[in-house]
Amino acid sequence: MFCPHCGTKMTTGQQRFCRECGGEIGAPAQASQEAPEAGAPGMGQQQGGHSWNASSASSAMPPRQPFMLAHVTVKDNTMKTLLIVGALLLLLPLAIPLFFGALLASVFAGFALIGLAFKLAPLIAVAIILYWVMSHRRQAMRAGR
């Protein structure tokens, strides 16, 4: 069985409404499609030399309406784009100082670590020498036993 409004094939014979166009299956098509042909009483719309009505809809494929759009929503992304661009323009003046501030802070931190390493170099050298002396003393004590 086919929808008399859009010609979509029905999946079950017990549907009351078309899943594509939402038209009632038992209801006749629109007034422009209802008008019978001059020599064919009870016939529906004729298109391409093929006429059909609701009773013969299950046996023959009905004509499809070319370029028929039902329930089409076209999204307009203009506002979304404008909001993104506006947010970027507002946040850019904040991002530049943050970037350069983080860069400058990392440079200062690097210099501070290098200076700390130079300042602590003698202490680190003394600690390494003491560790070496203590480990050799333990080895000498174990070998003497």
# chains A, B, ... in the order shown; residues from 1 in each chain; ligands from 1

call {"tool": "residues_around", "arguments": {"residues": "Phe17 in chain A", "least_positions_apart": "2", "cutoff": "12 Å", "atoms": "only C-alpha atoms", "output": "ChimeraX atom specification"}}
result
/A:2-6,8-15,19-27

call {"tool": "atom_distance", "arguments": {"atom1": "CA of Ser135 in chain A", "atom2": "CA of Lys119 in chain A"}}
result
26.1 Å

call {"tool": "closest_atom_pairs", "arguments": {"of": "range 103-145 of chain A", "to": "range 79-99 of chain A", "cutoff": "12 Å", "atoms": "only C-alpha atoms", "output": "JSON lines"}}
result
{"residue": "A:Leu103", "atom": "CA", "partner": "A:Phe99", "partner_atom": "CA", "distance": 6.2}
{"residue": "A:Leu104", "atom": "CA", "partner": "A:Phe99", "partner_atom": "CA", "distance": 8.6}
{"residue": "A:Ala105", "atom": "CA", "partner": "A:Phe99", "partner_atom": "CA", "distance": 9.9}
{"residue": "A:Ser106", "atom": "CA", "partner": "A:Phe99", "partner_atom": "CA", "distance": 10.7}

call {"tool": "write_last_selection", "arguments": {"atoms": "C-alpha atoms", "output": "mmCIF file, in the first residue's frame"}}
result
data_model
loop_
_atom_site.group_PDB
_atom_site.id
_atom_site.type_symbol
_atom_site.label_atom_id
_atom_site.label_comp_id
_atom_site.auth_asym_id
_atom_site.auth_seq_id
_atom_site.Cartn_x
_atom_site.Cartn_y
_atom_site.Cartn_z
ATOM 1 C CA LEU A 103 56.636 32.629 28.141
ATOM 2 C CA LEU A 104 58.358 35.306 30.209
ATOM 3 C CA ALA A 105 57.681 33.419 33.448
ATOM 4 C CA SER A 106 59.167 30.246 32.019
#

call {"tool": "atom_distance", "arguments": {"atom1": "CA of Ile128 in chain A", "atom2": "CA of Arg142 in chain A"}}
result
21.5 Å

call {"tool": "atom_distance", "arguments": {"atom1": "CA of Met141 in chain A", "atom2": "CA of Val126 in chain A"}}
result
22.6 Å
